[in-house]
Structure formats: C-alpha cells, structure tokens
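> Sharing a structure below in structure tokens format, with a few things to ask.
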Amino acid sequence: MQDEVLILGGGVAGCAAAIALARRGRRVALIEREPTPRHKVCGEFLSGEALEDLHPIGIDVASLGAVPIGHVRLAAATRAAEAPLPFRAASLTRKALDTALLAEAVAAGVRLESGRRVQSLRTTGNLWRATLDDATTREASTVFLATGKHDLRGHARPKDPEQWVAFKMYFRLAPAQAAELADASELMLYPGGYGGIQPVEDGMANLCCVVQQGHLARVGHRWESFLAKMQQDCPHLAMRLAGAEPLLAKPIAITHIPYGYIRRTSEDGLYCIGDQAAVIPSFTGDGISIALHTARHATAAYLAGVPAPIFQARLRSALLLQMRLAELAADGLNNSLARAVLPFCLRVWPGVMRVTARLTRVAQSAVVDPQPVAS
C-alpha cells in the first residue's frame with residue numbers, strides 16, 4: 001500500500017501535518033498506536049501561538065470546553081506570587097484536543113489507521129517502508145515522524161542524562177480551592193523538579209509534575225510518597241489539594257524525557273516534528289505550541305520542495321536560542337536559592353513573567369525559511 005505521505009503518530013503534530021497536507025490535495029495515511037484518544041502526560045496549556053495555529057485547521061477550543069487562562073502563579077516553599085499572562089491562553093485536556101484533531105483529519109480525507117504500532121521504519125530505494133505490529137507494511141516516498149515522546153527503533157533520540165520522570169493526575173478540587181485556582185496556571189517548585197496545576201474542562205484540575213530519578217528514588221519510587229513530599233516541600237500545593245478527589249485510579253507516567261533536545265538533521269524524505277524535533281522544558285507551557293509550529297513549517301517545507309535534511313537543519317537554527325534560554329531558566333528553577341528568591345522577584349516586578357515568556361517561547365520568533373534550495 002503506497003501513499004504519497006505517511007505520518008506516524010496521531011497526536012497534535014501528526015494530525016496538524018495530516019490536515020494541512022490533505023487540504024492541499026496530498027494523499028495522506030496516518031498511523032496512530034492508540035485505538036482511541038486517551039489522556040497523556042501533558043500540562044495541557046495552550047499558548048496564544050497554539051490557539052492561532054489551531055484556528056485555521058478548524059479547531060475551536062472554546063466549543064470543546066477549554067478554560068481561559070489569564071494568570072500565572074509561582075509558588076515555592078511558603079511564598080507565592082501572581083502575575084497576568086502577557087498573552088491569551090487556554091487549557092484543554094489532550095484527550096479532547098486529540099479527539100477533535102483526529103476527526104478533522106478524517107474529514108479532510110486522511111486515511112486513519114488507529115490501534116496500529118509501527119515496529120520499524122526503513123528506506124528501500126526511493127520509498128520508506130513502515131512495518132506494523134502484524135507484519136504488514138506501508139510505503140510512501142515521504143514520512144513525517146510524529147511519535148511524540150515514544151521513540152521509534154532506529155530513529156531514537158539521545159538518552160536523557162537527568163533521567164526525568166513525569167506524572168499527571170486529574171483532581172476534583174474542593175469548591176473553595178477550585179475558586180481560588182480560577183483562571184490561573186500555577187507553577188510550583190520543589191527540590192528535584194517542578195509541577196504545575198491548572199483547571200481544565202468539566203471542572204477538573206490537571207496536576208502535571210516532573211522530578212529527577214534520584215529524588216524519586218528517595219521516596220521509594222512511589223507516587224503516593226512523592227505526592228506527599230511535594231506537598232511538604234511546597235505548602236501551596238498542599239493547600240490546593242486539601243480535600244481534593246483524585247479522578248484517575250493511578251497517575252499517568254513517562255520516563256526519560258530529553259529536555260533541550262533539538263534534532264540536528266534527518267534523512268531524505270523523513271520530516272521529524274513535535275517532540276521528535278524538539279523537546280522544550282515543561283515549565284514554559286510551550287510543548288503543544290512547538291508541536292503545531294514544527295508541523296506547520298515542515299508541511300510548508302515539503303510543499304515547497306525543501307529536502308528534509310535541509311528543513312531539519314533550518315528548524316534547529318530557528319529554535320536554538322529560545323531552547324537554550326529555556327534550559328537555563330529550567331536549571332534556575334531547580335536551584336534552592338532561586339526557589340527562595342523567585343516568588344519575591346515576581347511580587348516586586350510582575351513584568352518579569354513577560355520577559356521570561358518572550359525569551360523562552362519558541363514560536364514567538366522562530367520562523368523557518370520555506371524557500372527551496374537553489375540548484
């Protein structure tokens with residue numbers, strides 16, 4: 001079975017690319033490992049750029065129940081401070097967003113294969129051949145690799161030296177705490193990592209947090225012990241979760257997240273997008289924006305005849321500065337002095353959030369040249 005474009009991964013990046021290409025008349029096959037959309041480890045923050053990218057592909061997040069986010073709060077130890085966001089934002093579960101994106105892809109004419117895992121991806125002559133879990137194959141001259149945090153054998157990203165572990169749990173907050181959280185995204189600092197909590201649709205709150213493996217080992221690698229330690233180190237979180245009801249039987253978790261990774265190059269006909277192109281530290285809330293940003297520029301490059309290796313190098317150059325600044329900021333968040341000082345700084349100078357956002361939001365200025373290479 002041959003398609004002009006084969007997209008591996010039906011998350012935000014894969015669906016956005018599939019929709020754009022199908023609307024431009026390309027035959028597109030989209031292979032997604034999950035049979036139906038599910039909850040994923042994700043902060044679920046939609047920045048202004050993410051909202052701008054979603055609108056033209058037919059996704060109205062307000063109609064899906066997205067919660068407007070207007071403020072950010074930073075909490076560390078016993079201190080907390082608040083500032084207005086310098087851009088419009090919203091919050092929506094990945095399950096709801098992915099469901100809408102997949103439906104839009106099918107409506108655009110994309111051939112969707114759900115519940116199929118890709119075992120390998122190899123080139124044979126001028127074609128890429130993907131072998132699926134039932135040993136059948138799919139072939140195409142061009143492939144978009146959009147498998148998110150899951151690496152494909154033979155195309156893996158480098159190992160994560162910090163050995164980060166990420167957890168996500170939904171809660172039903174006590175009424176008073178839900179009212180206090182309101183339209184805010186709260187960033188909470190603690191030794192070994194950081195976490196965020198914000199409202200999502202249906203009256204839920206999403207707690208998503210990351211921690212280094214060494215710190216998790218000190219509490220026996222147990223979620224309950226880690227959650228208790230987070231609340232001990234950050235009383236603001238303990239206050240927020242007082243009387244809260246967990247809504248999942250157990251948290252969703254993922255390990256080895258290579259924060260700061262930017263793919264240097266690729267092979268002919270293989271465009272890498274989303275987390276397979278770049279992984280920004282989670283505190284920026286820019287992961288979904290990067291997924292959409294890389295998908296938009298990759299499809300533009302493909303349609304303009306820019307070879308994948310050239311596109312990947314241009315993308316890296318465009319993202320490098322903001323990614324490195326985000327890494328530096330993330331290192332600062334994990335510093336005990338910073339945890340003590342940052343809330344005070346935010347109280348004194350709320351505009352610091354605007355500066356941080358401008359410096360670390362990749363989609364703000366990272367424009368990839370779509371022009372073909374001169375022959």
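Quick note on naming: the chains in the structure tokens go A, B, ... in the order shown, residues restart at 1 in each chain, and ligands are numbered from 1 in order of appearance.
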Pick out the residues sitting within 9 Å of segment 107-123 of chain A, and hand them over as JSON, numbers by chain; count only C-alpha atoms, and ignore anything fewer than 3 positions along from it in its own chain.

{"A": [8, 10, 18, 19, 20, 21, 22, 23, 27, 28, 29, 30, 31, 32, 33, 34, 35, 36, 102, 103, 104, 126, 127, 128, 129, 130, 131, 132, 133, 134, 135, 152, 153, 154, 155]}

> Take the residues just selected and output them with C-alpha atoms as a PDB file, in the first residue's frame.


```pdb
ATOM      1  CA  LEU A   8       3.495   8.162  12.072  1.00  0.00           C
ATOM      2  CA  GLY A  10      -1.730  10.868  15.588  1.00  0.00           C
ATOM      3  CA  ALA A  18      -2.005  15.466   8.083  1.00  0.00           C
ATOM      4  CA  ILE A  19      -4.808  18.044   7.905  1.00  0.00           C
ATOM      5  CA  ALA A  20      -2.634  20.634   6.169  1.00  0.00           C
ATOM      6  CA  LEU A  21      -1.327  18.165   3.586  1.00  0.00           C
ATOM      7  CA  ALA A  22      -4.713  16.583   2.845  1.00  0.00           C
ATOM      8  CA  ARG A  23      -6.237  20.005   2.278  1.00  0.00           C
ATOM      9  CA  ARG A  27      -2.817  11.516  -0.282  1.00  0.00           C
ATOM     10  CA  VAL A  28      -2.079  11.021   3.409  1.00  0.00           C
ATOM     11  CA  ALA A  29      -2.094   7.941   5.622  1.00  0.00           C
ATOM     12  CA  LEU A  30      -1.921   8.477   9.388  1.00  0.00           C
ATOM     13  CA  ILE A  31      -0.931   5.622  11.699  1.00  0.00           C
ATOM     14  CA  GLU A  32      -1.677   6.000  15.417  1.00  0.00           C
ATOM     15  CA  ARG A  33      -0.628   3.471  18.063  1.00  0.00           C
ATOM     16  CA  GLU A  34      -3.684   4.008  20.322  1.00  0.00           C
ATOM     17  CA  PRO A  35      -7.112   2.675  19.234  1.00  0.00           C
ATOM     18  CA  THR A  36      -8.849   5.767  20.645  1.00  0.00           C
ATOM     19  CA  LEU A 102      -8.329  13.179  14.513  1.00  0.00           C
ATOM     20  CA  ALA A 103     -11.940  13.886  13.486  1.00  0.00           C
ATOM     21  CA  GLU A 104     -10.786  16.918  11.493  1.00  0.00           C
ATOM     22  CA  ASN A 126      13.131   5.804  -3.132  1.00  0.00           C
ATOM     23  CA  LEU A 127      10.471   4.622  -0.694  1.00  0.00           C
ATOM     24  CA  TRP A 128      10.125   4.475   3.065  1.00  0.00           C
ATOM     25  CA  ARG A 129       8.700   1.221   4.381  1.00  0.00           C
ATOM     26  CA  ALA A 130       6.978   1.058   7.780  1.00  0.00           C
ATOM     27  CA  THR A 131       6.448  -2.414   9.204  1.00  0.00           C
ATOM     28  CA  LEU A 132       3.463  -2.669  11.549  1.00  0.00           C
ATOM     29  CA  ASP A 133       2.786  -4.940  14.502  1.00  0.00           C
ATOM     30  CA  ASP A 134       1.007  -7.516  12.319  1.00  0.00           C
ATOM     31  CA  ALA A 135       3.994  -7.673   9.918  1.00  0.00           C
ATOM     32  CA  LEU A 152      10.862   4.519  17.018  1.00  0.00           C
ATOM     33  CA  ARG A 153      13.538   1.848  16.788  1.00  0.00           C
ATOM     34  CA  GLY A 154      16.376   3.035  14.582  1.00  0.00           C
ATOM     35  CA  HIS A 155      15.363   6.700  14.934  1.00  0.00           C
TER      36      HIS A 155
END
```

> Where in segment 62-227 of chain A does DSSP assign strand (DSSP E or B), given as a PyMOL selection string?

chain A and resi 67-76+79-91+111-114+118-124+127-132+137-145+164-172+184-190+193-199+205-212

> Given the choices A:Asp202, A:Asp233, A:Glu267, A:Asp331, which gets closest to Leu247 of chain A if the distance is worked out from only C-alpha atoms?

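Ranking A:Asp202, A:Asp233, A:Glu267, A:Asp331 by distance to Leu247 of chain A, first place goes to A:Asp202.
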
> May I ask which of the residues A:His150, A:Arg138, A:Lys250, A:Arg316 is the closest one to Arg263 of chain A, counting only C-alpha atoms?

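Of A:His150, A:Arg138, A:Lys250, A:Arg316, the one nearest Arg263 of chain A is A:Arg316, counting only C-alpha atoms.
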
> When you look at Leu85 of chain A with a cut-off of 7 Å (counting only C-alpha atoms), what residues show up, excluding the ones that are within fewer than 5 positions of it in the same chain? I need them as a PyMOL selection string.

chain A and resi 70-72
